[in-house]
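These notes are about the structure you will find just below.
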Amino acid sequence: MPGLMAIFRKELADHFASKRFIILSLLIYLAGIATIYVAAQNIRSGMTETTQFIFLRLFIVSGETLPFSFPLFLSIFIPIVGIALGFDTINSERTSGNLSRLLSQPLYRDSVINGKFLAGLFTLAILVVSIVAIVAGLGLRMIGVPPSAEEVLRLLAFILVSIIYGAFWMALAVLFSVFFKRTATSALASIALWIFLFLFMSMIARAIAGAAVPIDQNSSLDLIVRNDEVYRTISRISPNTLYGEAVQVLLMPELGNPSATLMIVSIAAAGMIPGPLSLGQSLLVIWPQLTSLIALTALCFAISYIRFMREEIRST
Amino acid sequence: MNQQGIIETRELTKAYGGFVAVDHLSLHIDEGEVFGFLGPNGAGKTTTILMLLGLTEPTSGVARVCGCDPAREPLKVKRIVGYLPEKVGFYEDLTARDNLDYTAALNNLSREEAARKIGELLDTVGLSEVADQRVGEFSHGMKQRLGVADVMIKDPRVAFFDEPTAGIDPEGINQVLSLITSMAKRKVTVVLSSHQLHQVQKVCTRVGILAKGCLVAEGSVDQLGREAIGGGKLRIEVKVSQPTSNLIRSVENIKGVTSVESTGDLLLVTCDEDLRPQVARAIVDSDSLLVQMKIEEYGLEEIYMKYFRET
């Protein structure tokens with residue numbers, strides 16, 4: 001596509017030279033190092049002789065001083081990074097008067113969105129890969145247990161899922177940057193949606209599930225499972241839930257399929273402890289979550305395209 | 001108009017809901033012309049340019065730039081067309097050179113070619129001393145000149161300038177206008193829109209006057225002036241020492257003179273062509289003394305006022 005590479009290169013250079021990038025990376029490195037420090041201190045708690053995936057435990061253990069595990073912290077920060085890299089994609093070009101000049105050059109309009117999105121995605125990927133690498137490296141030094149081959153593969157899958165999750169938030173921010181003329185509005189709209197999905201979605205899902213399948217202390221297990229199913233289905237609208245489930249399967253394979261958590265609890269209560277999912281099974285289990293995230297990203301893209309292609313580009 | 005112009009529109013229309021911004025505009029611009037779009041704000045000048053660039057779609061009608069439809073083949077058109085928008089913006093954090101470099105990259109120029117051209121162009125527009133300063137520090141006039149360089153970097157066949165002189169000081173205006181004239185000398189077709197008449201008058205070979213989306217007049221400044229004021233005629237103002245009825249009669253008898261009005265020692269001669277020598281001889285022959293004689297020049301001001309009073 002004509003112009004795509006030129007736009008990609010310029011945007012990437014802009015990202016790396018920007019104060020925004022420095023602030024984001026400082027924030028993410030600081031938080032990552034804090035979580036790994038706490039995890040290394042607390043990793044012995046709750047470990048038994050049969051514990052598998054000791055290295056992965058580095059990523060999921062949290063302590064009292066910092067009740068955030070690494071994936072939880074990523075699920076909060078990745079949206080912020082995605083939004084920060086995407087919220088002014090189109091409207092900043094418009095307000096600065098560059099858009100009409102840019103679009104009178106021989107390139108297709110979608111090259112502008114694509115080039116900018118790819119540059120943002122590349123930046124995001126660098127941040128995610130580097131933070132996971134730093135955390136893994138520090139962890140290796142602190143606990144001295146090398147990761148197994150499967151653990152490495154699971155971490156790679158974890159990185160990929162995290163990047164896709166970030167891509168969704170960036171695509172959403174790009175969408176808002178096409179719709180809203182002012183950068184402040186698009187930033188605020190993205191943040192508002194993030195807060196809504198993060199804080200209120202599970203509350204709303206809980207309420208709807210309670211209304212659809214009412215349960216109390218005396219309800220049968222069957223009813224409780226059905227209530228839980230409704231709750232899960234609704235909360236999966238939120239990409240945070242999708243990401244959380246995928247990460248859980250990848251990093252805590254012993255918990256099994258998140259869709260069947262209650263069943264596992266009941267089986268475990270009966271004295272049967274299920275073995276951890278194999279890597280292949282884990283990937284199979286998170287496949288729907290992954291495709292949903294990708295589909296949501298594609299949807300944001302499609303809407304941005306349709307809106308942007310037909311738009312009249314005025315300089316004033 | 002039998003030959004295909006470089007820019008051609010037929011019945012070009014753009015409506016926003018009920019409001020018609022450009023109303024069945026038919027236009028023909030030949031290669032190498034400097035065409036001025038005149039009209040008050042909101043007359044449809046910018047909208048017409050946007051349609052010719054493919055930045056907005058016409059509601060109906062046809063637009064052709066070098067034989068291509070800007071809405072269907074935007075890339076073909078944009079390769080040969082340069083555009084300086086009304087409120088041009090640059091990446092403020094980048095230097096002038098980097099900004100031009102980006103445009104060059106978007107136009108697929110090789111690194112060496114781009115570097116050479118950018119050096120030349122910065123020289124031409126007089127910005128080579130500030131080439132490595134951030135554009136954020138530039139004045140409006142400097143940005144406008146950088147905009148001209150930005151248009152020239154792709155060697156366009158057609159260049160559109162939307163209000164190129166708005167909001168800059170007289171010296172800046174002269175610089176921008178002389179750059180535009182130098183482009184025209186290189187056989188680039190220039191279309192510029194403005195509501196500042198004197199500047200258009202200085203550089204344009206032909207003007208079109210737009211009012212409420214319609215082209216109300218079209219032609220060279222001179223030709224439009226005659227139509228506007230004299231109904232296609234010229235007027236000569238003659239001052240003589242003592243006008244006599246004999247003199248008036250003999251001037252009236254000159255072939256081509258349609259009427260003579262006299263007020264005091266002033267004679268106002270309306271004629272079909274420039275008859276100053278004949279009038280001068282008539283005055284001398286009638287023993288009057290000629291004090292001064294001048295042909296009325298038609299400024300765009302008069303033309304403009306006439307057309308906008310009418311619409």
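Going by the structure tokens order, chains are called A, B, ..., each with residues numbered from 1, while ligands are numbered from 1 in the order shown.
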
Wanna dump the chain A-chain B contacts at 10 Å for me, each residue with its shortest atom pair and the distance in Å to one decimal, counting only C-alpha atoms, ordered by chain and number, as a tab-separated table?
```
residue	atom	partner	partner_atom	distance
A:Pro2	CA	B:Leu106	CA	7.6
A:Gly3	CA	B:Leu106	CA	5.0
A:Leu4	CA	B:Leu106	CA	8.3
A:Met5	CA	B:Leu106	CA	8.7
A:Ala6	CA	B:Ala105	CA	5.9
A:Ile7	CA	B:Leu106	CA	7.5
A:Arg9	CA	B:Tyr102	CA	9.7
A:Lys10	CA	B:Tyr102	CA	7.5
A:Asp14	CA	B:Asp93	CA	9.2
A:Ser18	CA	B:Asp93	CA	9.8
A:Glu93	CA	B:Gly89	CA	8.7
A:Arg94	CA	B:Gly89	CA	9.0
A:Thr95	CA	B:Gly89	CA	8.6
A:Ser96	CA	B:Gly89	CA	5.4
A:Gly97	CA	B:Gly89	CA	4.0
A:Asn98	CA	B:Gly89	CA	4.8
A:Leu99	CA	B:Gly89	CA	8.3
A:Ser100	CA	B:Pro85	CA	6.9
A:Arg101	CA	B:Pro85	CA	6.8
A:Leu102	CA	B:Thr103	CA	7.8
A:Leu103	CA	B:Leu55	CA	7.6
A:Ser104	CA	B:Lys78	CA	5.9
A:Gln105	CA	B:Lys78	CA	5.7
A:Pro106	CA	B:Lys78	CA	4.9
A:Leu107	CA	B:Leu75	CA	6.3
A:Tyr108	CA	B:Leu75	CA	7.2
A:Met309	CA	B:Leu55	CA	9.7
A:Arg310	CA	B:Thr56	CA	7.7
A:Glu311	CA	B:Thr56	CA	7.1
A:Glu312	CA	B:Thr56	CA	4.8
A:Ile313	CA	B:Leu55	CA	5.6
A:Arg314	CA	B:Leu50	CA	7.9
A:Ser315	CA	B:Lys87	CA	5.8
A:Thr316	CA	B:Lys87	CA	6.4
```

Take the residues from that selection and put them in a file with N, CA and C atoms, as a short mmCIF file (atom, residue, chain, number, x, y, z; two decimals), in the first residue's frame.
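Final output, again-v1.cif:
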```cif
data_model
loop_
_atom_site.label_atom_id
_atom_site.label_comp_id
_atom_site.auth_asym_id
_atom_site.auth_seq_id
_atom_site.Cartn_x
_atom_site.Cartn_y
_atom_site.Cartn_z
N PRO A 2 0.61 2.18 -0.93
CA PRO A 2 1.47 3.36 -0.99
C PRO A 2 1.37 4.18 0.31
N GLY A 3 2.50 4.66 0.75
CA GLY A 3 2.51 5.55 1.91
C GLY A 3 2.51 4.87 3.25
N LEU A 4 2.11 3.60 3.28
CA LEU A 4 1.96 2.92 4.57
C LEU A 4 3.28 2.89 5.34
N MET A 5 4.35 2.49 4.66
CA MET A 5 5.64 2.37 5.35
C MET A 5 6.14 3.73 5.81
N ALA A 6 5.93 4.74 4.97
CA ALA A 6 6.39 6.08 5.35
C ALA A 6 5.68 6.55 6.62
N ILE A 7 4.36 6.31 6.67
CA ILE A 7 3.60 6.72 7.84
C ILE A 7 4.04 5.91 9.05
N ARG A 9 6.91 4.47 9.67
CA ARG A 9 8.23 4.89 10.16
C ARG A 9 8.15 6.21 10.91
N LYS A 10 7.40 7.16 10.37
CA LYS A 10 7.35 8.46 11.03
C LYS A 10 6.66 8.35 12.39
N ASP A 14 8.07 9.12 16.07
CA ASP A 14 7.37 10.05 16.95
C ASP A 14 7.11 9.43 18.32
N SER A 18 8.64 10.59 22.01
CA SER A 18 7.65 11.36 22.76
C SER A 18 7.81 11.19 24.27
N GLU A 93 -4.26 15.07 14.09
CA GLU A 93 -3.88 15.48 12.73
C GLU A 93 -4.85 16.55 12.23
N ARG A 94 -6.12 16.35 12.60
CA ARG A 94 -7.12 17.29 12.14
C ARG A 94 -6.93 18.65 12.80
N THR A 95 -6.80 18.66 14.13
CA THR A 95 -6.70 19.96 14.81
C THR A 95 -5.40 20.67 14.46
N SER A 96 -4.35 19.93 14.15
CA SER A 96 -3.10 20.61 13.83
C SER A 96 -3.06 21.06 12.37
N GLY A 97 -4.10 20.74 11.60
CA GLY A 97 -4.14 21.19 10.21
C GLY A 97 -3.31 20.33 9.28
N ASN A 98 -2.86 19.19 9.78
CA ASN A 98 -2.03 18.32 8.95
C ASN A 98 -2.85 17.35 8.10
N LEU A 99 -4.09 17.10 8.51
CA LEU A 99 -4.84 16.02 7.88
C LEU A 99 -5.11 16.29 6.40
N SER A 100 -5.53 17.51 6.08
CA SER A 100 -5.86 17.76 4.67
C SER A 100 -4.59 17.75 3.82
N ARG A 101 -3.49 18.19 4.42
CA ARG A 101 -2.22 18.14 3.69
C ARG A 101 -1.79 16.69 3.47
N LEU A 102 -1.94 15.91 4.53
CA LEU A 102 -1.57 14.50 4.46
C LEU A 102 -2.41 13.75 3.43
N LEU A 103 -3.73 14.01 3.45
CA LEU A 103 -4.62 13.25 2.57
C LEU A 103 -4.60 13.76 1.13
N SER A 104 -3.91 14.88 0.88
CA SER A 104 -3.78 15.29 -0.52
C SER A 104 -2.51 14.68 -1.12
N GLN A 105 -1.82 13.87 -0.32
CA GLN A 105 -0.68 13.12 -0.87
C GLN A 105 -1.19 11.81 -1.47
N PRO A 106 -0.42 11.21 -2.38
CA PRO A 106 -0.93 10.00 -3.05
C PRO A 106 -0.92 8.78 -2.13
N LEU A 107 -1.90 8.68 -1.25
CA LEU A 107 -2.04 7.49 -0.41
C LEU A 107 -3.52 7.28 -0.11
N TYR A 108 -3.87 6.04 0.20
CA TYR A 108 -5.26 5.77 0.54
C TYR A 108 -5.50 6.17 1.98
N MET A 309 -13.49 6.90 5.79
CA MET A 309 -13.42 6.88 4.33
C MET A 309 -14.33 7.92 3.70
N ARG A 310 -15.52 8.10 4.30
CA ARG A 310 -16.51 8.93 3.65
C ARG A 310 -16.49 10.36 4.17
N GLU A 311 -15.58 10.59 5.08
CA GLU A 311 -15.60 11.90 5.72
C GLU A 311 -15.06 12.98 4.80
N GLU A 312 -15.63 14.17 4.96
CA GLU A 312 -15.09 15.31 4.23
C GLU A 312 -13.94 15.90 5.03
N ILE A 313 -12.84 16.15 4.35
CA ILE A 313 -11.66 16.64 5.06
C ILE A 313 -11.51 18.13 4.82
N ARG A 314 -11.90 18.90 5.79
CA ARG A 314 -11.72 20.34 5.70
C ARG A 314 -10.61 20.76 6.61
N SER A 315 -9.94 21.83 6.23
CA SER A 315 -8.82 22.23 7.07
C SER A 315 -9.30 23.11 8.21
N THR A 316 -10.53 23.57 8.13
CA THR A 316 -11.01 24.46 9.19
C THR A 316 -12.12 23.80 9.98
#
```

Exercise. Might you pull out every residue within 12 Å of Gly137 (chain A), with only C-alpha atoms counted and same-chain residues fewer than 5 positions away left off, and present them as a list in words?
Key: Gly32, Ile33, Ile36, Tyr37, Ala40, Phe55, Leu58, Phe59, Val129, Ser130, Ile131, Val132, Met142, Ile143, Gly144, Val145, Pro146 and Pro147 of chain A

Atoms kept (N, CA and C atoms) for selection, written as a PDB file, in the first residue's frame:
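selection.pdb, written as the output of this step:
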```pdb
ATOM      1  N   GLY A  32       6.037  -3.177  37.279  1.00  0.00           N
ATOM      2  CA  GLY A  32       6.453  -4.554  37.022  1.00  0.00           C
ATOM      3  C   GLY A  32       7.500  -5.016  38.020  1.00  0.00           C
ATOM      4  N   ILE A  33       8.466  -4.143  38.274  1.00  0.00           N
ATOM      5  CA  ILE A  33       9.532  -4.518  39.202  1.00  0.00           C
ATOM      6  C   ILE A  33       8.977  -4.658  40.615  1.00  0.00           C
ATOM      7  N   ILE A  36       7.194  -8.041  40.910  1.00  0.00           N
ATOM      8  CA  ILE A  36       8.099  -9.196  40.918  1.00  0.00           C
ATOM      9  C   ILE A  36       8.836  -9.277  42.247  1.00  0.00           C
ATOM     10  N   TYR A  37       9.131  -8.119  42.822  1.00  0.00           N
ATOM     11  CA  TYR A  37       9.812  -8.097  44.120  1.00  0.00           C
ATOM     12  C   TYR A  37       8.925  -8.730  45.196  1.00  0.00           C
ATOM     13  N   ALA A  40       8.529 -12.518  44.593  1.00  0.00           N
ATOM     14  CA  ALA A  40       9.676 -13.334  44.971  1.00  0.00           C
ATOM     15  C   ALA A  40       9.715 -13.538  46.488  1.00  0.00           C
ATOM     16  N   PHE A  55       8.152 -21.495  38.213  1.00  0.00           N
ATOM     17  CA  PHE A  55       8.547 -20.223  37.606  1.00  0.00           C
ATOM     18  C   PHE A  55       7.329 -19.353  37.299  1.00  0.00           C
ATOM     19  N   LEU A  58       5.876 -17.027  39.931  1.00  0.00           N
ATOM     20  CA  LEU A  58       6.432 -15.683  40.074  1.00  0.00           C
ATOM     21  C   LEU A  58       5.477 -14.620  39.549  1.00  0.00           C
ATOM     22  N   PHE A  59       4.771 -15.019  38.494  1.00  0.00           N
ATOM     23  CA  PHE A  59       3.920 -14.033  37.822  1.00  0.00           C
ATOM     24  C   PHE A  59       2.548 -13.907  38.468  1.00  0.00           C
ATOM     25  N   VAL A 129       6.783  -6.893  25.750  1.00  0.00           N
ATOM     26  CA  VAL A 129       7.866  -7.882  25.706  1.00  0.00           C
ATOM     27  C   VAL A 129       8.956  -7.508  26.702  1.00  0.00           C
ATOM     28  N   SER A 130       9.308  -6.220  26.732  1.00  0.00           N
ATOM     29  CA  SER A 130      10.419  -5.835  27.604  1.00  0.00           C
ATOM     30  C   SER A 130      10.039  -5.999  29.069  1.00  0.00           C
ATOM     31  N   ILE A 131       8.798  -5.688  29.440  1.00  0.00           N
ATOM     32  CA  ILE A 131       8.453  -5.808  30.856  1.00  0.00           C
ATOM     33  C   ILE A 131       8.403  -7.277  31.282  1.00  0.00           C
ATOM     34  N   VAL A 132       7.879  -8.142  30.402  1.00  0.00           N
ATOM     35  CA  VAL A 132       7.847  -9.564  30.757  1.00  0.00           C
ATOM     36  C   VAL A 132       9.277 -10.103  30.841  1.00  0.00           C
ATOM     37  N   MET A 142      16.226 -13.964  41.405  1.00  0.00           N
ATOM     38  CA  MET A 142      15.781 -13.992  42.794  1.00  0.00           C
ATOM     39  C   MET A 142      15.502 -15.402  43.294  1.00  0.00           C
ATOM     40  N   ILE A 143      14.860 -16.228  42.485  1.00  0.00           N
ATOM     41  CA  ILE A 143      14.512 -17.553  43.006  1.00  0.00           C
ATOM     42  C   ILE A 143      15.426 -18.643  42.476  1.00  0.00           C
ATOM     43  N   GLY A 144      16.119 -18.384  41.414  1.00  0.00           N
ATOM     44  CA  GLY A 144      17.100 -19.342  40.925  1.00  0.00           C
ATOM     45  C   GLY A 144      16.540 -20.617  40.337  1.00  0.00           C
ATOM     46  N   VAL A 145      15.235 -20.629  40.065  1.00  0.00           N
ATOM     47  CA  VAL A 145      14.654 -21.813  39.441  1.00  0.00           C
ATOM     48  C   VAL A 145      14.436 -21.506  37.971  1.00  0.00           C
ATOM     49  N   PRO A 146      15.111 -22.200  37.069  1.00  0.00           N
ATOM     50  CA  PRO A 146      14.918 -21.883  35.647  1.00  0.00           C
ATOM     51  C   PRO A 146      13.559 -22.357  35.151  1.00  0.00           C
ATOM     52  N   PRO A 147      12.996 -21.651  34.166  1.00  0.00           N
ATOM     53  CA  PRO A 147      11.702 -22.071  33.639  1.00  0.00           C
ATOM     54  C   PRO A 147      11.831 -23.318  32.772  1.00  0.00           C
TER      55      PRO A 147
END
```

Quiz prompt | For CA of Ile153 (chain B) and CA of Ala115 (chain B), the interatomic separation in Å (one decimal) | solution = 10.5 Å

Quiz item: Taking only C-alpha atoms into account, which of B:Ala149, B:Val20, B:Ile118, B:Ile209 comes nearest Val221 (chain B)?
Solution: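 The shortest atom-to-atom distance to Val221 (chain B) comes from B:Ile209.
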
Practice problem: May I ask which of the residues B:Gly213, B:Phe138, B:Gly219, B:Ser110 is the closest one to His28 (chain B), counting only C-alpha atoms? | Solution: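 Counting only C-alpha atoms, the residue closest to His28 (chain B) is B:Gly219.
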
Quiz item: Any idea what's packed within 10 Å of Cys66 (chain B), counting only C-alpha atoms, ignoring anything in its chain fewer than 3 positions away? Could you give it as a ChimeraX atom specification?
Solution: /B:4-8,31,63,69-70,76-77,80-81,157-158

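For the pair CA of Glu245 (chain A) and CA of Ala31 (chain A), the separation is 21.7 Å.
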
Exercise. State, in Å with one decimal place, the distance from CA of Asp30 (chain B) to CA of Val200 (chain B).
Key: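 Computing it gives 17.6 Å between the two atoms.
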
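For region 208-214 of chain A, the list of residues within 7 Å, based on only C-alpha atoms and with local chain neighbours fewer than 5 positions off taken out, reads Asn227, Val230 and Tyr231 of chain A.
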
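Neighbours of Ala184 (chain B) closer than or equal to 12 Å, with only C-alpha atoms counted and sequence neighbours fewer than 4 positions away skipped, come out as Glu31, Gly32, Glu33, Val34, Phe35, Met152, Pro156, Arg157, Val158, Ala159, Phe160, Leu177, Ser178, Leu179, Ile180, Val188, Thr189, Val190, Val191, Leu192, Val203, Cys204 and Thr205 of chain B.
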
Since we have the selection now, will you write its residues out, keeping C-alpha atoms, as a compact mmCIF listing (two decimals), in the first residue's frame?
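Contents of part17.txt, as written:
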```txt
# COMPACT_ATOMS: atom_id res chain seq x y z
CA GLU B 31 -2.97 23.90 -18.75
CA GLY B 32 -0.60 26.66 -17.66
CA GLU B 33 -3.30 29.07 -16.56
CA VAL B 34 -3.32 30.88 -13.24
CA PHE B 35 -6.97 30.76 -12.36
CA MET B 152 6.24 22.02 -5.01
CA PRO B 156 2.67 18.92 -9.44
CA ARG B 157 1.01 19.63 -12.75
CA VAL B 158 -1.78 21.42 -10.95
CA ALA B 159 -1.45 23.33 -7.67
CA PHE B 160 -4.37 24.47 -5.55
CA LEU B 177 2.52 35.63 -4.64
CA SER B 178 5.89 35.80 -6.36
CA LEU B 179 6.41 32.12 -5.52
CA ILE B 180 3.06 31.33 -7.10
CA VAL B 188 2.28 24.53 -13.50
CA THR B 189 -1.43 25.20 -13.64
CA VAL B 190 -2.37 27.19 -10.57
CA VAL B 191 -5.81 27.53 -9.06
CA LEU B 192 -6.03 29.92 -6.19
CA VAL B 203 -1.15 37.13 -10.53
CA CYS B 204 -4.18 35.61 -12.26
CA THR B 205 -4.56 35.23 -15.98
```

Quiz item: Which parts of region 202-269 of chain B does DSSP call strand (DSSP E or B) when run on the backbone here, written out as number ranges by chain?
Solution: B: 206-211, 214-219, 234-240, 257-263, 266-269

Self-check item: Residues near Leu160 (chain A), cut-off 10 Å, only C-alpha atoms, skip fewer than 4 positions along chain, as a VMD selection string
Solution: chain A and resid 125 128 to 129 154 to 156 164 to 166 290

Would you save the residues from that selection as a PDB file, in the first residue's frame, using N, CA and C atoms?
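For reference, result-v4.pdb as written:
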```pdb
ATOM      1  N   ALA A 125       3.949  -3.518  21.745  1.00  0.00           N
ATOM      2  CA  ALA A 125       4.578  -4.839  21.812  1.00  0.00           C
ATOM      3  C   ALA A 125       5.948  -4.749  22.461  1.00  0.00           C
ATOM      4  N   VAL A 128       5.435  -4.447  26.209  1.00  0.00           N
ATOM      5  CA  VAL A 128       4.985  -5.687  26.855  1.00  0.00           C
ATOM      6  C   VAL A 128       6.116  -6.710  26.901  1.00  0.00           C
ATOM      7  N   VAL A 129       6.783  -6.893  25.750  1.00  0.00           N
ATOM      8  CA  VAL A 129       7.866  -7.882  25.706  1.00  0.00           C
ATOM      9  C   VAL A 129       8.956  -7.508  26.702  1.00  0.00           C
ATOM     10  N   ARG A 154       4.349 -20.947  27.573  1.00  0.00           N
ATOM     11  CA  ARG A 154       3.178 -20.316  28.180  1.00  0.00           C
ATOM     12  C   ARG A 154       3.392 -18.813  28.338  1.00  0.00           C
ATOM     13  N   LEU A 155       4.629 -18.416  28.684  1.00  0.00           N
ATOM     14  CA  LEU A 155       4.911 -16.980  28.810  1.00  0.00           C
ATOM     15  C   LEU A 155       4.814 -16.284  27.455  1.00  0.00           C
ATOM     16  N   LEU A 156       5.298 -16.978  26.412  1.00  0.00           N
ATOM     17  CA  LEU A 156       5.198 -16.380  25.072  1.00  0.00           C
ATOM     18  C   LEU A 156       3.739 -16.186  24.682  1.00  0.00           C
ATOM     19  N   ILE A 164      -2.574  -8.632  22.078  1.00  0.00           N
ATOM     20  CA  ILE A 164      -3.895  -8.576  21.424  1.00  0.00           C
ATOM     21  C   ILE A 164      -4.870  -7.749  22.270  1.00  0.00           C
ATOM     22  N   TYR A 165      -4.793  -7.949  23.582  1.00  0.00           N
ATOM     23  CA  TYR A 165      -5.625  -7.175  24.497  1.00  0.00           C
ATOM     24  C   TYR A 165      -5.337  -5.670  24.348  1.00  0.00           C
ATOM     25  N   GLY A 166      -4.056  -5.325  24.276  1.00  0.00           N
ATOM     26  CA  GLY A 166      -3.679  -3.927  24.076  1.00  0.00           C
ATOM     27  C   GLY A 166      -4.148  -3.418  22.726  1.00  0.00           C
ATOM     28  N   LEU A 290      -9.652 -15.568  22.781  1.00  0.00           N
ATOM     29  CA  LEU A 290      -8.751 -14.901  21.843  1.00  0.00           C
ATOM     30  C   LEU A 290      -9.486 -14.383  20.623  1.00  0.00           C
TER      31      LEU A 290
END
```

Quiz item: Out of B:Gln201, B:Thr244, B:Gln133, B:Thr59, which residue has the shortest atom-to-atom distance to Leu224 (chain B) when counting only C-alpha atoms?
Solution: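 Result for the nearest residue to Leu224 (chain B): B:Gln201.
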